[in-house]
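S.K.: So here's work.cif, just mmCIF, C-alpha atoms:
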data_entry
#
loop_
_atom_site.group_PDB
_atom_site.id
_atom_site.type_symbol
_atom_site.label_atom_id
_atom_site.label_comp_id
_atom_site.auth_asym_id
_atom_site.auth_seq_id
_atom_site.Cartn_x
_atom_site.Cartn_y
_atom_site.Cartn_z
ATOM 1 C CA MET H 1 0.000 0.000 0.000
ATOM 2 C CA GLU H 2 2.795 2.377 1.030
ATOM 3 C CA LYS H 3 4.771 1.381 -2.061
ATOM 4 C CA GLU H 4 1.760 2.202 -4.220
ATOM 5 C CA THR H 5 1.451 5.676 -2.673
ATOM 6 C CA GLU H 6 5.168 6.293 -3.228
ATOM 7 C CA ARG H 7 4.779 5.309 -6.874
ATOM 8 C CA GLU H 8 1.849 7.699 -7.304
ATOM 9 C CA LYS H 9 3.727 10.531 -5.643
ATOM 10 C CA GLU H 10 6.693 10.069 -7.915
ATOM 11 C CA LEU H 11 4.476 9.822 -10.999
ATOM 12 C CA VAL H 12 2.775 13.097 -10.112
ATOM 13 C CA LYS H 13 6.184 14.756 -9.738
ATOM 14 C CA LEU H 14 7.395 13.424 -13.068
ATOM 15 C CA ILE H 15 4.208 14.534 -14.811
ATOM 16 C CA ASN H 16 4.649 17.994 -13.344
ATOM 17 C CA VAL H 17 8.167 18.085 -14.812
ATOM 18 C CA LEU H 18 6.785 17.028 -18.195
ATOM 19 C CA ARG H 19 4.141 19.739 -18.126
ATOM 20 C CA ARG H 20 6.706 22.327 -17.145
ATOM 21 C CA THR H 21 9.080 21.075 -19.849
ATOM 22 C CA SER H 22 6.307 21.396 -22.426
ATOM 23 C CA ARG H 23 5.570 24.985 -21.349
ATOM 24 C CA MET H 24 9.234 25.920 -21.195
ATOM 25 C CA ALA H 25 9.895 24.487 -24.644
ATOM 26 C CA LEU H 26 6.988 26.377 -26.199
ATOM 27 C CA GLN H 27 7.811 29.619 -24.432
ATOM 28 C CA SER H 28 11.444 29.260 -25.389
ATOM 29 C CA GLU H 29 10.468 28.761 -29.015
ATOM 30 C CA TRP H 30 8.182 31.789 -29.006
ATOM 31 C CA THR H 31 10.909 33.925 -27.507
ATOM 32 C CA GLY H 32 13.558 32.716 -29.934
ATOM 33 C CA GLY H 33 15.201 29.975 -27.884
ATOM 34 C CA LYS H 34 18.459 28.541 -29.205
ATOM 35 C CA GLU H 35 19.723 24.978 -29.724
ATOM 36 C CA ASP H 36 20.996 24.737 -26.157
ATOM 37 C CA ALA H 37 17.431 25.241 -24.851
ATOM 38 C CA ALA H 38 16.187 22.480 -27.153
ATOM 39 C CA ALA H 39 19.014 20.178 -26.070
ATOM 40 C CA PHE H 40 18.258 20.824 -22.405
ATOM 41 C CA CYS H 41 14.530 20.131 -22.856
ATOM 42 C CA THR H 42 15.230 16.977 -24.917
ATOM 43 C CA ASP H 43 17.597 15.716 -22.258
ATOM 44 C CA GLN H 44 15.060 16.430 -19.531
ATOM 45 C CA TYR H 45 12.304 14.645 -21.463
ATOM 46 C CA ASN H 46 14.503 11.592 -22.035
ATOM 47 C CA ARG H 47 15.433 11.395 -18.345
ATOM 48 C CA VAL H 48 11.783 11.573 -17.272
ATOM 49 C CA LEU H 49 10.841 8.934 -19.838
ATOM 50 C CA ALA H 50 13.634 6.641 -18.644
ATOM 51 C CA ARG H 51 12.409 6.904 -15.058
ATOM 52 C CA LEU H 52 8.791 6.367 -16.100
ATOM 53 C CA LYS H 53 9.833 3.195 -17.924
ATOM 54 C CA GLU H 54 11.325 1.892 -14.689
ATOM 55 C CA ILE H 55 8.170 2.625 -12.718
ATOM 56 C CA ASP H 56 5.680 1.727 -15.438
ATOM 57 C CA PRO H 57 7.178 -0.564 -18.126
ATOM 58 C CA GLY H 58 4.014 -0.240 -20.262
ATOM 59 C CA VAL H 59 4.925 3.317 -21.189
ATOM 60 C CA GLY H 60 7.969 2.091 -23.138
ATOM 61 C CA VAL H 61 5.718 0.371 -25.669
ATOM 62 C CA ILE H 62 4.330 3.706 -26.850
ATOM 63 C CA PHE H 63 6.991 6.299 -26.123
ATOM 64 C CA GLU H 64 10.535 6.396 -27.471
ATOM 65 C CA PRO H 65 13.362 8.682 -26.337
ATOM 66 C CA LEU H 66 13.797 11.775 -28.482
ATOM 67 C CA PRO H 67 16.844 11.938 -30.721
ATOM 68 C CA ALA H 68 19.463 14.617 -30.097
ATOM 69 C CA GLY H 69 18.735 17.695 -32.178
ATOM 70 C CA SER H 70 14.936 17.521 -31.707
ATOM 71 C CA SER H 71 13.268 20.891 -32.062
ATOM 72 C CA LEU H 72 11.569 22.738 -29.188
ATOM 73 C CA THR H 73 8.175 22.113 -30.801
ATOM 74 C CA VAL H 74 8.810 18.370 -30.933
ATOM 75 C CA VAL H 75 9.901 18.313 -27.290
ATOM 76 C CA ALA H 76 6.816 20.302 -26.288
ATOM 77 C CA MET H 77 4.538 17.917 -28.186
ATOM 78 C CA ALA H 78 6.236 14.808 -26.833
ATOM 79 C CA SER H 79 6.107 16.100 -23.247
ATOM 80 C CA ARG H 80 2.440 16.954 -23.562
ATOM 81 C CA GLN H 81 1.602 13.554 -25.036
ATOM 82 C CA LEU H 82 3.488 11.716 -22.351
ATOM 83 C CA ALA H 83 1.749 13.754 -19.634
ATOM 84 C CA ALA H 84 -1.591 13.058 -21.361
ATOM 85 C CA TYR H 85 -0.919 9.310 -21.067
ATOM 86 C CA TYR H 86 -1.386 9.661 -17.308
ATOM 87 C CA GLU H 87 -4.271 12.126 -17.416
ATOM 88 C CA ASP H 88 -6.958 9.514 -16.809
ATOM 89 C CA GLU H 89 -5.073 8.348 -13.739
ATOM 90 C CA PHE H 90 -4.154 11.686 -12.227
ATOM 91 C CA GLY H 91 -6.396 14.168 -14.003
ATOM 92 C CA PRO H 92 -5.393 17.293 -15.890
ATOM 93 C CA ALA H 93 -3.158 19.932 -14.345
ATOM 94 C CA LYS H 94 -4.994 22.160 -11.907
ATOM 95 C CA GLY H 95 -5.115 25.913 -11.621
ATOM 96 C CA PHE H 96 -3.118 28.501 -13.447
ATOM 97 C CA GLY H 97 -0.755 27.185 -16.070
ATOM 98 C CA ARG H 98 -2.367 23.947 -17.105
ATOM 99 C CA ALA H 99 -1.165 21.143 -19.283
ATOM 100 C CA TYR H 100 -1.563 22.866 -22.595
ATOM 101 C CA GLY H 101 1.477 25.043 -22.826
ATOM 102 C CA PHE H 102 -0.111 28.278 -21.636
ATOM 103 C CA GLY H 103 -1.853 29.472 -18.543
ATOM 104 C CA PHE H 104 -5.045 31.442 -18.313
ATOM 105 C CA ASP H 105 -5.543 34.103 -15.711
ATOM 106 C CA SER H 106 -9.082 35.465 -15.849
ATOM 107 C CA SER H 107 -8.231 38.689 -13.986
ATOM 108 C CA LYS H 108 -5.440 39.443 -16.477
ATOM 109 C CA PHE H 109 -7.853 38.679 -19.290
ATOM 110 C CA LYS H 110 -10.261 41.231 -17.835
ATOM 111 C CA GLU H 111 -7.543 43.900 -17.855
ATOM 112 C CA PHE H 112 -6.576 42.959 -21.388
ATOM 113 C CA TRP H 113 -10.186 43.109 -22.533
ATOM 114 C CA GLU H 114 -10.771 46.483 -20.939
ATOM 115 C CA LYS H 115 -7.893 47.848 -22.992
ATOM 116 C CA SER H 116 -8.451 45.971 -26.223
ATOM 117 C CA ALA H 117 -12.166 45.259 -26.617
ATOM 118 C CA ARG H 118 -12.656 48.099 -29.089
ATOM 119 C CA GLU H 119 -9.936 46.814 -31.413
ATOM 120 C CA PHE H 120 -11.384 43.326 -31.367
ATOM 121 C CA GLU H 121 -14.825 44.712 -32.041
ATOM 122 C CA ASP H 122 -13.560 46.629 -35.090
ATOM 123 C CA MET H 123 -11.655 43.638 -36.382
ATOM 124 C CA GLY H 124 -14.574 41.275 -35.782
ATOM 125 C CA GLU H 125 -16.957 43.629 -37.594
ATOM 126 C CA PHE H 126 -14.532 43.939 -40.471
ATOM 127 C CA ILE H 127 -14.216 40.155 -40.761
ATOM 128 C CA ARG H 128 -17.986 39.723 -40.780
ATOM 129 C CA GLU H 129 -18.486 42.472 -43.346
ATOM 130 C CA SER H 130 -15.863 40.877 -45.563
ATOM 131 C CA ILE H 131 -17.176 37.332 -45.408
ATOM 132 C CA ASP H 132 -19.788 37.848 -48.147
ATOM 133 C CA GLU H 133 -17.213 39.235 -50.527
ATOM 134 C CA TRP H 134 -14.710 36.560 -49.625
ATOM 135 C CA LEU H 135 -17.288 33.833 -50.231
ATOM 136 C CA ARG H 136 -18.214 35.364 -53.579
ATOM 137 C CA HIS H 137 -14.563 35.373 -54.682
ATOM 138 C CA LYS H 138 -14.127 31.831 -53.457
ATOM 139 C CA LYS H 139 -17.166 30.636 -55.409
ATOM 140 C CA GLU H 140 -16.020 32.461 -58.538
ATOM 141 C CA ALA H 141 -12.570 30.960 -58.203
ATOM 142 C CA ALA H 142 -14.080 27.485 -57.810
ATOM 143 C CA LYS H 143 -16.237 28.016 -60.910
ATOM 144 C CA GLY H 144 -13.188 29.206 -62.840
ATOM 145 C CA THR H 145 -11.233 26.102 -61.882
ATOM 146 C CA LYS H 146 -14.100 23.815 -62.956
ATOM 147 C CA SER H 147 -14.625 25.499 -66.326
ATOM 148 C CA THR H 148 -10.941 25.336 -67.282
ATOM 149 C CA MET B 1 -13.433 15.038 -13.418
ATOM 150 C CA ARG B 2 -14.031 17.251 -16.443
ATOM 151 C CA PRO B 3 -11.032 17.347 -18.810
ATOM 152 C CA TYR B 4 -9.386 20.715 -19.265
ATOM 153 C CA GLU B 5 -11.468 23.007 -21.412
ATOM 154 C CA SER B 6 -10.647 26.403 -22.809
ATOM 155 C CA PRO B 7 -12.539 29.086 -20.908
ATOM 156 C CA ASP B 8 -15.480 30.653 -22.722
ATOM 157 C CA GLU B 9 -13.733 34.024 -22.993
ATOM 158 C CA LEU B 10 -10.841 32.564 -24.999
ATOM 159 C CA LEU B 11 -13.242 30.847 -27.374
ATOM 160 C CA VAL B 12 -15.205 34.092 -27.697
ATOM 161 C CA VAL B 13 -12.111 36.060 -28.704
ATOM 162 C CA ALA B 14 -11.113 33.386 -31.220
ATOM 163 C CA ALA B 15 -14.668 33.329 -32.607
ATOM 164 C CA ILE B 16 -14.712 37.139 -32.913
ATOM 165 C CA LEU B 17 -11.615 36.793 -35.060
ATOM 166 C CA GLY B 18 -13.426 34.340 -37.326
ATOM 167 C CA ASN B 19 -12.325 31.019 -35.859
ATOM 168 C CA LEU B 20 -15.312 28.808 -36.625
ATOM 169 C CA GLU B 21 -13.989 25.891 -34.598
ATOM 170 C CA ALA B 22 -14.015 28.080 -31.504
ATOM 171 C CA PHE B 23 -17.573 29.157 -32.242
ATOM 172 C CA GLU B 24 -18.576 25.554 -32.825
ATOM 173 C CA GLU B 25 -17.200 24.646 -29.401
ATOM 174 C CA LEU B 26 -19.334 27.408 -27.873
ATOM 175 C CA VAL B 27 -22.347 26.131 -29.811
ATOM 176 C CA MET B 28 -21.787 22.617 -28.501
ATOM 177 C CA ARG B 29 -21.478 23.910 -24.958
ATOM 178 C CA TYR B 30 -24.659 25.964 -24.962
ATOM 179 C CA ARG B 31 -26.935 24.623 -27.688
ATOM 180 C CA PRO B 32 -28.976 22.362 -25.392
ATOM 181 C CA ALA B 33 -29.664 25.286 -23.071
ATOM 182 C CA VAL B 34 -30.596 27.527 -26.000
ATOM 183 C CA VAL B 35 -33.096 24.970 -27.290
ATOM 184 C CA ARG B 36 -34.558 24.379 -23.811
ATOM 185 C CA LEU B 37 -35.002 28.097 -23.239
ATOM 186 C CA ALA B 38 -36.579 28.575 -26.672
ATOM 187 C CA ARG B 39 -38.969 25.705 -25.929
ATOM 188 C CA THR B 40 -40.281 27.437 -22.841
ATOM 189 C CA ILE B 41 -41.223 30.460 -24.955
ATOM 190 C CA VAL B 42 -42.229 29.215 -28.427
ATOM 191 C CA GLY B 43 -42.921 25.531 -27.744
ATOM 192 C CA ALA B 44 -41.203 22.379 -28.953
ATOM 193 C CA ASP B 45 -42.206 22.721 -32.629
ATOM 194 C CA TYR B 46 -40.359 25.974 -33.177
ATOM 195 C CA ALA B 47 -37.584 25.744 -30.600
ATOM 196 C CA GLU B 48 -34.980 24.302 -32.994
ATOM 197 C CA ASP B 49 -35.578 27.105 -35.512
ATOM 198 C CA VAL B 50 -35.336 29.773 -32.850
ATOM 199 C CA ALA B 51 -32.181 28.190 -31.448
ATOM 200 C CA GLN B 52 -30.519 28.152 -34.830
ATOM 201 C CA ASP B 53 -31.441 31.765 -35.517
ATOM 202 C CA SER B 54 -30.263 32.821 -32.077
ATOM 203 C CA LEU B 55 -26.885 31.180 -32.585
ATOM 204 C CA LEU B 56 -26.468 32.750 -36.024
ATOM 205 C CA LEU B 57 -27.376 36.124 -34.552
ATOM 206 C CA ALA B 58 -24.908 35.541 -31.743
ATOM 207 C CA PHE B 59 -22.072 34.916 -34.185
ATOM 208 C CA LYS B 60 -22.835 38.176 -35.954
ATOM 209 C CA ALA B 61 -23.194 40.176 -32.762
ATOM 210 C CA LEU B 62 -20.174 38.607 -31.057
ATOM 211 C CA PRO B 63 -17.709 41.470 -31.747
ATOM 212 C CA GLY B 64 -19.893 43.749 -29.629
ATOM 213 C CA ILE B 65 -20.001 41.518 -26.547
ATOM 214 C CA GLU B 66 -19.099 43.509 -23.456
ATOM 215 C CA GLU B 67 -17.949 40.714 -21.189
ATOM 216 C CA PRO B 68 -16.688 37.603 -23.008
ATOM 217 C CA ARG B 69 -16.615 35.793 -19.665
ATOM 218 C CA ARG B 70 -20.394 36.127 -19.488
ATOM 219 C CA PHE B 71 -21.005 34.616 -22.921
ATOM 220 C CA GLY B 72 -23.580 32.174 -21.524
ATOM 221 C CA ALA B 73 -25.780 34.869 -20.023
ATOM 222 C CA TRP B 74 -25.385 37.030 -23.142
ATOM 223 C CA LEU B 75 -26.473 34.134 -25.373
ATOM 224 C CA SER B 76 -29.399 33.464 -23.085
ATOM 225 C CA ALA B 77 -30.550 37.108 -23.491
ATOM 226 C CA ILE B 78 -30.262 36.838 -27.293
ATOM 227 C CA THR B 79 -32.263 33.605 -27.298
ATOM 228 C CA ARG B 80 -34.992 35.054 -25.095
ATOM 229 C CA HIS B 81 -35.218 38.156 -27.271
ATOM 230 C CA ARG B 82 -35.314 36.136 -30.492
ATOM 231 C CA ALA B 83 -37.920 33.728 -29.103
ATOM 232 C CA LEU B 84 -40.177 36.539 -27.903
ATOM 233 C CA ARG B 85 -40.057 38.180 -31.332
ATOM 234 C CA PHE B 86 -40.562 34.924 -33.205
ATOM 235 C CA SER B 87 -43.765 34.804 -35.134
ATOM 236 C CA LYS B 88 -45.150 31.331 -35.540
ATOM 237 C CA SER B 89 -45.871 31.864 -39.199
ATOM 238 C CA GLU B 90 -42.162 32.386 -39.633
ATOM 239 C CA THR B 91 -40.030 29.337 -40.354
ATOM 240 C CA THR B 92 -36.350 28.911 -40.923
ATOM 241 C CA HIS B 93 -36.957 28.513 -44.630
ATOM 242 C CA MET B 94 -38.760 31.817 -44.788
ATOM 243 C CA THR B 95 -36.169 33.697 -42.806
ATOM 244 C CA LYS B 96 -33.942 35.657 -45.103
ATOM 245 C CA ARG B 97 -30.527 34.106 -44.938
ATOM 246 C CA VAL B 98 -27.390 35.915 -45.981
ATOM 247 C CA ALA B 99 -24.202 34.328 -47.266
ATOM 248 C CA LEU B 100 -22.677 34.452 -43.796
ATOM 249 C CA ASP B 101 -25.543 32.354 -42.401
ATOM 250 C CA GLU B 102 -25.185 29.830 -45.190
ATOM 251 C CA ALA B 103 -21.452 29.605 -44.636
ATOM 252 C CA LEU B 104 -21.913 29.079 -40.908
ATOM 253 C CA LEU B 105 -24.565 26.416 -41.426
ATOM 254 C CA GLU B 106 -22.336 24.649 -43.891
ATOM 255 C CA LYS B 107 -19.239 24.759 -41.700
ATOM 256 C CA ILE B 108 -20.681 24.288 -38.233
ATOM 257 C CA GLU B 109 -22.384 20.951 -37.988
ATOM 258 C CA ALA B 110 -23.484 21.526 -34.393
ATOM 259 C CA LEU B 111 -25.721 24.423 -35.493
ATOM 260 C CA ALA B 112 -28.080 22.111 -37.306
ATOM 261 C CA LYS B 113 -27.886 19.207 -34.928
ATOM 262 C CA PRO B 114 -31.215 18.516 -33.251
ATOM 263 C CA LEU B 115 -31.212 18.153 -29.509
ATOM 264 C CA ALA B 116 -30.698 14.465 -28.809
ATOM 265 C CA GLU B 117 -33.673 13.147 -26.934
ATOM 266 C CA LYS B 118 -32.822 9.898 -25.269
ATOM 267 C CA GLU B 119 -35.535 7.576 -24.135
ATOM 268 C CA ARG B 120 -36.679 8.712 -20.728
ATOM 269 C CA ASP B 121 -39.045 7.654 -18.088
ATOM 270 C CA GLU B 122 -42.357 9.136 -19.166
ATOM 271 C CA ALA B 123 -43.550 9.685 -15.593
ATOM 272 C CA MET B 124 -40.359 11.564 -14.826
ATOM 273 C CA LEU B 125 -40.736 13.813 -17.864
ATOM 274 C CA GLN B 126 -44.328 14.602 -16.964
ATOM 275 C CA ALA B 127 -43.329 15.371 -13.411
ATOM 276 C CA LEU B 128 -40.601 17.680 -14.742
ATOM 277 C CA ASP B 129 -43.159 19.511 -16.885
ATOM 278 C CA SER B 130 -45.279 20.164 -13.829
ATOM 279 C CA LEU B 131 -42.440 21.758 -11.832
ATOM 280 C CA PRO B 132 -41.996 25.539 -11.666
ATOM 281 C CA ALA B 133 -39.664 26.693 -14.471
ATOM 282 C CA ASP B 134 -37.018 27.898 -11.999
ATOM 283 C CA TYR B 135 -36.486 24.297 -10.915
ATOM 284 C CA ALA B 136 -37.358 22.458 -14.130
ATOM 285 C CA MET B 137 -34.806 24.275 -16.320
ATOM 286 C CA PRO B 138 -31.679 23.494 -14.272
ATOM 287 C CA LEU B 139 -32.871 19.929 -13.696
ATOM 288 C CA ARG B 140 -33.381 19.369 -17.433
ATOM 289 C CA LEU B 141 -30.021 20.900 -18.313
ATOM 290 C CA ARG B 142 -28.271 18.861 -15.665
ATOM 291 C CA PHE B 143 -29.897 15.478 -16.048
ATOM 292 C CA LEU B 144 -31.232 15.387 -19.606
ATOM 293 C CA ASP B 145 -28.458 17.371 -21.299
ATOM 294 C CA GLU B 146 -25.664 16.557 -18.830
ATOM 295 C CA MET B 147 -24.485 20.144 -18.688
ATOM 296 C CA PRO B 148 -21.926 21.030 -16.025
ATOM 297 C CA LEU B 149 -23.285 23.084 -13.135
ATOM 298 C CA ASP B 150 -21.034 26.088 -13.779
ATOM 299 C CA ARG B 151 -22.254 26.287 -17.368
ATOM 300 C CA ILE B 152 -25.895 26.114 -16.274
ATOM 301 C CA ALA B 153 -25.161 28.962 -13.862
ATOM 302 C CA ALA B 154 -23.429 30.944 -16.640
ATOM 303 C CA PHE B 155 -26.349 30.493 -19.019
ATOM 304 C CA MET B 156 -29.031 31.270 -16.473
ATOM 305 C CA GLY B 157 -27.067 34.253 -15.125
ATOM 306 C CA LEU B 158 -27.258 32.843 -11.592
ATOM 307 C CA PRO B 159 -24.656 32.183 -8.912
ATOM 308 C CA LEU B 160 -23.455 28.587 -8.851
ATOM 309 C CA SER B 161 -24.767 28.162 -5.309
ATOM 310 C CA THR B 162 -28.292 29.105 -6.465
ATOM 311 C CA VAL B 163 -28.177 26.543 -9.257
ATOM 312 C CA LYS B 164 -26.982 23.869 -6.831
ATOM 313 C CA TRP B 165 -29.761 24.718 -4.427
ATOM 314 C CA ARG B 166 -32.413 24.724 -7.157
ATOM 315 C CA ILE B 167 -31.256 21.326 -8.365
ATOM 316 C CA HIS B 168 -31.213 19.964 -4.838
ATOM 317 C CA HIS B 169 -34.660 21.328 -4.028
ATOM 318 C CA GLY B 170 -35.971 20.528 -7.531
ATOM 319 C CA LYS B 171 -35.042 16.881 -7.075
ATOM 320 C CA LYS B 172 -37.080 16.767 -3.875
ATOM 321 C CA LEU B 173 -40.084 18.317 -5.627
ATOM 322 C CA LEU B 174 -39.640 15.922 -8.527
ATOM 323 C CA ARG B 175 -39.550 12.908 -6.231
ATOM 324 C CA ALA B 176 -42.730 14.057 -4.528
ATOM 325 C CA LYS B 177 -44.474 14.515 -7.887
ATOM 326 C CA VAL B 178 -43.429 11.071 -9.127
ATOM 327 C CA GLU B 179 -44.596 9.435 -5.889
ATOM 328 C CA GLU B 180 -47.867 11.310 -6.093
ATOM 329 C CA SER B 181 -48.533 10.000 -9.590
ATOM 330 C CA GLU B 182 -47.749 6.363 -8.673
#
Mind converting the file's structure to structure tokens?
M.R.:
Amino acid sequence: MEKETEREKELVKLINVLRRTSRMALQSEWTGGKEDAAAFCTDQYNRVLARLKEIDPGVGVIFEPLPAGSSLTVVAMASRQLAAYYEDEFGPAKGFGRAYGFGFDSSKFKEFWEKSAREFEDMGEFIRESIDEWLRHKKEAAKGTKST
Amino acid sequence: MRPYESPDELLVVAAILGNLEAFEELVMRYRPAVVRLARTIVGADYAEDVAQDSLLLAFKALPGIEEPRRFGAWLSAITRHRALRFSKSETTHMTKRVALDEALLEKIEALAKPLAEKERDEAMLQALDSLPADYAMPLRLRFLDEMPLDRIAAFMGLPLSTVKWRIHHGKKLLRAKVEESE
């Protein structure tokens, strides 16, 4: 029983590392991260995977270590998928900064919306006004392709 | 446990910017409530038409939403308004559709999807019909449409605690009605 609890505790920790690795990799890519960031994240992913294979051999059937030189996007995707493998057992990440590479803070969103709502409204209106014209062009283009 | 879902406000912003998948997700979240609300005003025969029109109107009006976080309550107000103005001689086919409507109907499958009615205990449904609307609506959304409590609260513009209490008390009333009829 105690052994089982220890296993669960360690799994939760490893999944947290995977989630954080996924976020770090994505954020690093968005902010122009270099090869050393990708190498660090790849190494971290491979270490977590190796430990998971020891605790839960079944995971090795689906997940392979990442090759050196993997991009930040690939590491982010792999980390997210590996964390997702345990989601039914431990549930999704809770609170701010969930499993999907970005966090959502509703109070920050409120501030952002107070400043930017007008711009979104204008852009949204513009998109809706343009849809008819865009559809017309699309239909004409489709007709043109058929007739040629 | 509910899997992680994007908050309504994020989907609203994406939908304002023309992301139809985001709007479809909002439609799937709230369509059952829209149809149920329309039913209480125009009756079952016209509820689907009113729901579809309300959702099309919502897509068009979305850029002007004041609080994206309160999308549910905003949609509920649009539905109520549309249902109250709906004339029974009017049908979806007669409503003038513009290209945008056609495009939305073509792209968003959930807009045209009728509310799935599973087989239910007839006595239970009759008992539900006889309950005051304040209790019947959250009970239907919760147990017939399997909507999460926070979404019911968002749509009805009520605090979560009120919805929980109405469901709790509504169940008691429902039980009494079913026992009465047996």
S.K.: Restrict the distance test to all atoms listed in the file, flag each residue of chain H within 10 Å of chain B, and return the flagged residues as an MDAnalysis selection string.
M.R.: chainID H and resid 87:88 90:94 98:100 104 106 109:110 113:114 117:133 135:136
S.K.: Could you tell me, as an NGL selection string, exactly which residues end up selected when the PyMOL selection byres ((chain H and resi 75) around 8) is applied to this structure?
M.R.: :H and (21-22 or 25 or 38 or 41-42 or 45 or 66 or 70-74 or 76-79)
S.K.: Using atom CA of Asp56 of chain H and atom CA of Glu8 of chain H as the two end points, give the distance in Å to one decimal.
M.R.: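 Between atom CA of Asp56 of chain H and atom CA of Glu8 of chain H the gap works out to 10.8 Å.
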S.K.: Write out as a list in words which residues come within 9 Å of segment 148-150 of chain B when counting only C-alpha atoms, dropping same-chain ones fewer than 6 positions away.
M.R.: Arg2, Pro138, Leu141, Arg142, Pro159, Leu160, Val163 and Lys164 of chain B
S.K.: Based on the selection just made, write C-alpha atoms of those residues as a tab-separated table (two decimals), in the frame of the given file.
M.R.:
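See selection.tsv below for the written result:
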chain	number	residue	atom	x	y	z
B	2	ARG	CA	-14.03	17.25	-16.44
B	138	PRO	CA	-31.68	23.49	-14.27
B	141	LEU	CA	-30.02	20.90	-18.31
B	142	ARG	CA	-28.27	18.86	-15.66
B	159	PRO	CA	-24.66	32.18	-8.91
B	160	LEU	CA	-23.46	28.59	-8.85
B	163	VAL	CA	-28.18	26.54	-9.26
B	164	LYS	CA	-26.98	23.87	-6.83
S.K.: Find the residues with any atom within 12 Å of (-29.2, 33.3, -14.6); use only C-alpha atoms and the coordinates as given in the file, and write the answer as an NGL selection string.
M.R.: :B and (33 or 37 or 70-77 or 134 or 137-138 or 149-163 or 166)
S.K.: For a test of reading the model, state the distance in Å between atom CA of Asp36 of chain H and atom CA of Leu14 of chain H, rounded to one decimal.
M.R.: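 Taking atom CA of Asp36 of chain H and atom CA of Leu14 of chain H, their separation equals 22.0 Å.
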S.K.: Step by step, work through what the PyMOL selection byres ((chain B and resi 177) around 10) selects in the shown file, and finish by giving those residues as a list in words.
M.R.: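 On the file shown, the PyMOL selection byres ((chain B and resi 177) around 10) covers Ala123, Met124, Gln126, Ala127, Leu128, Ser130, Leu131, Lys171, Lys172, Leu173, Leu174, Arg175, Ala176, Val178, Glu179, Glu180, Ser181 and Glu182 of chain B.
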S.K.: Extract, using only C-alpha atoms, all DNA, RNA and protein residues at most 6 Å from segment 20-27 of chain B, discarding same-chain residues fewer than 4 positions from it, and format them as a VMD selection string.
M.R.: chain B and resid 11 15 31 108
S.K.: What's the 10 Å shell around Leu111 of chain B, counting only C-alpha atoms, without same-chain residues fewer than 4 positions away, as a ChimeraX atom specification?
M.R.: /B:23-24,27-28,31,48,51-53,55-56,104-107
S.K.: What is the distance, in Å and to one decimal place, between atom CA of Leu82 of chain H and atom CA of Ile62 of chain H?
M.R.: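 Interatomic distance here is 9.2 Å.
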S.K.: Please evaluate the PyMOL selection byres ((chain H and resi 48-54) around 8) against the displayed coordinates and give the resulting residues as a PyMOL selection string.
M.R.: chain H and resi 11+14+17-18+44-47+55-60+63+65
S.K.: Could the centre and edge lengths of an axis-aligned box, enclosing all atoms of segment 131-141 of chain H in the file with 8 Å extra on each side, be given in Å to one decimal as lines of an AutoDock Vina configuration file?
M.R.:
center_x = -16.2
center_y = 34.9
center_z = -52.0
size_x = 23.2
size_y = 24.6
size_z = 29.1
S.K.: Between H:Val12, H:Gly69, H:Lys108, H:Ser116, which has the minimum distance to Asp43 of chain H (counting only C-alpha atoms)?
M.R.: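 Of H:Val12, H:Gly69, H:Lys108, H:Ser116, the one nearest Asp43 of chain H, counting only C-alpha atoms, is H:Gly69.
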